[in-house]
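K.L.:
Below are the structure tokens for one structure; questions will follow.
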Amino acid sequence: MLAYLSPAWVAALDQAARADEQLAAATADVALVLEQQVTGGPAGDVTYHLTFDHGTVSAGTGGAPSPADAAVVRFTLDHDTALGIARGTGSAQQAFMAGALQVGGDLRVLLDHQVVLSALHDVFAAVREQTDLAEVG
């Protein structure tokens with residue numbers, strides 16, 4: 001099992017994103033970086049990112065090195081909120097409306113690339129199946 005938010009978990013996201021040919025084709029014209037910071041977890045604060053760089057999609061730990069033309073969107077939330085979203089007992093929309101999820105950057109790009117971002121759910125399905133969503137991680 002992969003511990004949620006661990007470096008091995010991020011590496012599994014990276015492998016899944018890089019291997020998906022449909023995602024690569026769908027993001028050929030996309031330059032976007034999504035960065036998420038989860039605060040207050042058992043291992044401290046964790047930051048990871050997804051980079052969409054003209055057909056190459058990758059994930060990495062820490063802050064994101066950005067392609068020069070990329071829009072950057074940052075999400076910040078606490079560990080309990082992130083864990084609830086990951087488990088499906090909460091949603092990002094609910095967390096945002098309640099003020100538990102802060103979003104920064106160019107929010108229009110989220111709407112512009114909604115179809116691609118929705119595809120990530122399927123791309124990361126195998127990683128979710130291997131993820132231990134216990135309280136620690």
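Lettering and numbering for the structure tokens are positional, with chains as A, B, ... in the shown order, residues counted from 1 in each chain, and ligands counted from 1 in the shown order.
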List as a short mmCIF file (atom, residue, chain, number, x, y, z; two decimals) with N, CA, C and O atoms, in the first residue's frame the protein and nucleic acid residues near Leu32 of chain A, meaning an atom at most 7 Å away when only C-alpha atoms are counted, but skip any in the same chain fewer than 4 places from it.

P.N.:
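Final output, saved to result34.cif:
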```
data_model
loop_
_atom_site.label_atom_id
_atom_site.label_comp_id
_atom_site.auth_asym_id
_atom_site.auth_seq_id
_atom_site.Cartn_x
_atom_site.Cartn_y
_atom_site.Cartn_z
N THR A 51 2.32 18.93 -13.25
CA THR A 51 2.72 19.85 -14.32
C THR A 51 2.22 19.31 -15.65
O THR A 51 2.45 18.15 -15.99
N PHE A 52 1.50 20.15 -16.37
CA PHE A 52 1.01 19.86 -17.72
C PHE A 52 1.84 20.73 -18.65
O PHE A 52 1.71 21.95 -18.64
N ASP A 53 2.71 20.11 -19.42
CA ASP A 53 3.62 20.87 -20.27
C ASP A 53 3.53 20.37 -21.71
O ASP A 53 4.33 19.54 -22.15
N ALA A 70 3.31 28.65 -18.41
CA ALA A 70 2.28 27.94 -17.65
C ALA A 70 1.54 28.85 -16.69
O ALA A 70 2.12 29.72 -16.06
N ALA A 71 0.24 28.62 -16.60
CA ALA A 71 -0.56 29.21 -15.55
C ALA A 71 -0.35 28.35 -14.31
O ALA A 71 -0.18 27.14 -14.40
N VAL A 72 -0.34 28.96 -13.15
CA VAL A 72 -0.14 28.23 -11.91
C VAL A 72 -1.35 28.43 -11.01
O VAL A 72 -1.80 29.55 -10.81
#
```

K.L.:
As a ChimeraX atom specification, please: the residues near segment 84-90 of chain A (cut-off 10 Å, only C-alpha atoms, same-chain neighbours under 5 positions excluded).

P.N.:
/A:4,79,95,128,131-134

K.L.:
Quick check, in Å to one decimal: how far apart do atom CA of Gln37 of chain A and atom CA of Glu129 of chain A lie?

P.N.:
22.2 Å

K.L.:
Of the candidates A:Ala24, A:Val115, A:Leu83, A:Ala8, which one gets nearest to Pro42 of chain A if we count only C-alpha atoms?

P.N.:
A:Leu83

K.L.:
Using only C-alpha atoms, find the one residue out of A:Val33, A:Ala126, A:Ala59, A:Met97 that sits nearest to Arg18 of chain A.

P.N.:
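Ranking A:Val33, A:Ala126, A:Ala59, A:Met97 by distance to Arg18 of chain A, first place goes to A:Ala59.
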
K.L.:
Running DSSP on the backbone, which parts of chain A land in alpha helix (DSSP H), as a short mmCIF file (atom, residue, chain, number, x, y, z; two decimals) with N, CA and C atoms, in the first residue's frame?

P.N.:
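Printed below is selection.cif as written:
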```cif
data_model
loop_
_atom_site.label_atom_id
_atom_site.label_comp_id
_atom_site.auth_asym_id
_atom_site.auth_seq_id
_atom_site.Cartn_x
_atom_site.Cartn_y
_atom_site.Cartn_z
N PRO A 7 6.21 10.41 -0.52
CA PRO A 7 6.96 10.51 -1.78
C PRO A 7 6.66 9.34 -2.73
N ALA A 8 6.45 8.14 -2.19
CA ALA A 8 6.12 6.98 -3.04
C ALA A 8 4.76 7.17 -3.70
N TRP A 9 3.82 7.77 -2.99
CA TRP A 9 2.48 8.04 -3.53
C TRP A 9 2.59 9.05 -4.68
N VAL A 10 3.37 10.11 -4.48
CA VAL A 10 3.56 11.11 -5.54
C VAL A 10 4.26 10.47 -6.74
N ALA A 11 5.23 9.59 -6.49
CA ALA A 11 5.91 8.89 -7.59
C ALA A 11 4.94 8.02 -8.37
N ALA A 12 3.98 7.40 -7.69
CA ALA A 12 2.97 6.58 -8.38
C ALA A 12 2.06 7.46 -9.24
N LEU A 13 1.70 8.65 -8.73
CA LEU A 13 0.93 9.61 -9.54
C LEU A 13 1.72 9.98 -10.80
N ASP A 14 3.01 10.24 -10.61
CA ASP A 14 3.86 10.61 -11.74
C ASP A 14 3.90 9.51 -12.79
N GLN A 15 4.09 8.29 -12.35
CA GLN A 15 4.16 7.16 -13.28
C GLN A 15 2.84 7.01 -14.04
N ALA A 16 1.72 7.13 -13.34
CA ALA A 16 0.42 6.99 -13.99
C ALA A 16 0.19 8.12 -15.00
N ALA A 17 0.54 9.34 -14.63
CA ALA A 17 0.33 10.48 -15.52
C ALA A 17 1.20 10.38 -16.77
N ARG A 18 2.45 10.01 -16.60
CA ARG A 18 3.38 9.92 -17.73
C ARG A 18 3.01 8.78 -18.69
N ALA A 19 2.39 7.73 -18.16
CA ALA A 19 2.09 6.54 -18.97
C ALA A 19 0.80 6.65 -19.77
N GLU A 21 -1.41 7.72 -22.50
CA GLU A 21 -1.31 8.33 -23.83
C GLU A 21 -2.49 9.24 -24.14
N GLN A 22 -3.69 8.89 -23.65
CA GLN A 22 -4.85 9.75 -23.89
C GLN A 22 -4.69 11.08 -23.17
N LEU A 23 -4.15 11.05 -21.96
CA LEU A 23 -3.90 12.29 -21.22
C LEU A 23 -2.87 13.14 -21.95
N ALA A 24 -1.84 12.51 -22.46
CA ALA A 24 -0.82 13.25 -23.22
C ALA A 24 -1.44 13.94 -24.43
N ALA A 25 -2.27 13.22 -25.16
CA ALA A 25 -2.91 13.80 -26.34
C ALA A 25 -3.86 14.93 -25.96
N ALA A 26 -4.60 14.76 -24.87
CA ALA A 26 -5.58 15.76 -24.45
C ALA A 26 -4.91 17.02 -23.92
N HIS A 79 -4.77 18.75 6.53
CA HIS A 79 -4.69 17.31 6.32
C HIS A 79 -6.06 16.63 6.45
N ASP A 80 -6.84 17.00 7.45
CA ASP A 80 -8.15 16.36 7.64
C ASP A 80 -9.06 16.61 6.44
N THR A 81 -9.04 17.83 5.92
CA THR A 81 -9.86 18.15 4.74
C THR A 81 -9.38 17.35 3.53
N ALA A 82 -8.06 17.30 3.32
CA ALA A 82 -7.51 16.55 2.19
C ALA A 82 -7.86 15.07 2.30
N LEU A 83 -7.77 14.53 3.50
CA LEU A 83 -8.09 13.13 3.72
C LEU A 83 -9.57 12.86 3.43
N GLY A 84 -10.44 13.75 3.84
CA GLY A 84 -11.87 13.61 3.55
C GLY A 84 -12.17 13.63 2.06
N ILE A 85 -11.51 14.51 1.34
CA ILE A 85 -11.69 14.58 -0.12
C ILE A 85 -11.17 13.29 -0.75
N ALA A 86 -10.00 12.83 -0.31
CA ALA A 86 -9.42 11.60 -0.87
C ALA A 86 -10.30 10.38 -0.60
N ARG A 87 -10.91 10.36 0.56
CA ARG A 87 -11.78 9.23 0.92
C ARG A 87 -13.15 9.31 0.26
N ALA A 92 -14.00 18.83 -2.82
CA ALA A 92 -13.24 20.06 -2.94
C ALA A 92 -14.17 21.27 -2.97
N GLN A 93 -15.31 21.13 -3.65
CA GLN A 93 -16.26 22.24 -3.72
C GLN A 93 -16.79 22.58 -2.33
N GLN A 94 -17.16 21.58 -1.54
CA GLN A 94 -17.65 21.82 -0.18
C GLN A 94 -16.56 22.48 0.67
N ALA A 95 -15.34 21.98 0.55
CA ALA A 95 -14.24 22.53 1.33
C ALA A 95 -13.97 23.98 0.94
N PHE A 96 -14.04 24.29 -0.34
CA PHE A 96 -13.84 25.66 -0.81
C PHE A 96 -14.93 26.57 -0.26
N MET A 97 -16.18 26.13 -0.35
CA MET A 97 -17.30 26.94 0.13
C MET A 97 -17.23 27.17 1.64
N ARG A 108 -9.43 30.91 -13.80
CA ARG A 108 -10.07 30.70 -15.10
C ARG A 108 -9.53 29.45 -15.80
N VAL A 109 -8.25 29.15 -15.57
CA VAL A 109 -7.67 27.98 -16.25
C VAL A 109 -8.30 26.68 -15.76
N LEU A 110 -8.80 26.68 -14.53
CA LEU A 110 -9.49 25.48 -14.05
C LEU A 110 -10.75 25.24 -14.86
N LEU A 111 -11.46 26.31 -15.18
CA LEU A 111 -12.66 26.18 -16.01
C LEU A 111 -12.29 25.86 -17.45
N ASP A 112 -11.23 26.49 -17.95
CA ASP A 112 -10.80 26.27 -19.33
C ASP A 112 -10.38 24.82 -19.58
N GLN A 114 -11.34 22.05 -17.65
CA GLN A 114 -12.19 21.19 -16.81
C GLN A 114 -12.24 19.75 -17.32
N VAL A 115 -12.32 19.54 -18.61
CA VAL A 115 -12.40 18.19 -19.17
C VAL A 115 -11.11 17.42 -18.90
N VAL A 116 -9.97 18.08 -19.11
CA VAL A 116 -8.68 17.43 -18.86
C VAL A 116 -8.53 17.10 -17.39
N LEU A 117 -8.89 18.04 -16.53
CA LEU A 117 -8.75 17.81 -15.09
C LEU A 117 -9.67 16.70 -14.62
N SER A 118 -10.84 16.59 -15.21
CA SER A 118 -11.75 15.50 -14.87
C SER A 118 -11.15 14.15 -15.27
N ALA A 119 -10.39 14.13 -16.35
CA ALA A 119 -9.77 12.89 -16.82
C ALA A 119 -8.75 12.36 -15.81
N LEU A 120 -8.20 13.23 -14.98
CA LEU A 120 -7.23 12.78 -13.98
C LEU A 120 -7.83 11.76 -13.02
N HIS A 121 -9.13 11.86 -12.78
CA HIS A 121 -9.80 10.90 -11.89
C HIS A 121 -9.58 9.49 -12.39
N ASP A 122 -9.77 9.26 -13.69
CA ASP A 122 -9.57 7.94 -14.27
C ASP A 122 -8.10 7.56 -14.34
N VAL A 123 -7.24 8.52 -14.67
CA VAL A 123 -5.81 8.25 -14.79
C VAL A 123 -5.24 7.79 -13.45
N ALA A 125 -6.90 6.29 -10.98
CA ALA A 125 -7.73 5.26 -10.34
C ALA A 125 -6.88 4.15 -9.72
N ALA A 126 -5.90 3.66 -10.44
CA ALA A 126 -5.06 2.57 -9.92
C ALA A 126 -4.26 3.02 -8.70
N VAL A 127 -3.83 4.27 -8.70
CA VAL A 127 -3.10 4.79 -7.54
C VAL A 127 -4.02 4.86 -6.32
N ARG A 128 -5.25 5.30 -6.55
CA ARG A 128 -6.21 5.35 -5.43
C ARG A 128 -6.43 3.97 -4.83
N GLU A 129 -6.51 2.96 -5.68
CA GLU A 129 -6.73 1.59 -5.19
C GLU A 129 -5.56 1.10 -4.34
#
```

K.L.:
Can you measure atom CA of Ala98 of chain A to atom CA of Thr61 of chain A for me? One decimal in Å is fine.

P.N.:
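Between these atoms lies a distance of 27.0 Å.
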
K.L.:
I need the strand (DSSP E) residues of chain A per DSSP on the backbone, written as a PyMOL selection string.

P.N.:
chain A and resi 2-3+31-41+44-53+56-61+71-78+101-105+131-132

K.L.:
Please indicate the distance in Å from atom CA of Ala3 of chain A to atom CA of Pro65 of chain A, rounded to one decimal place.

P.N.:
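Computed distance, atom CA of Ala3 of chain A to atom CA of Pro65 of chain A, equals 24.3 Å.
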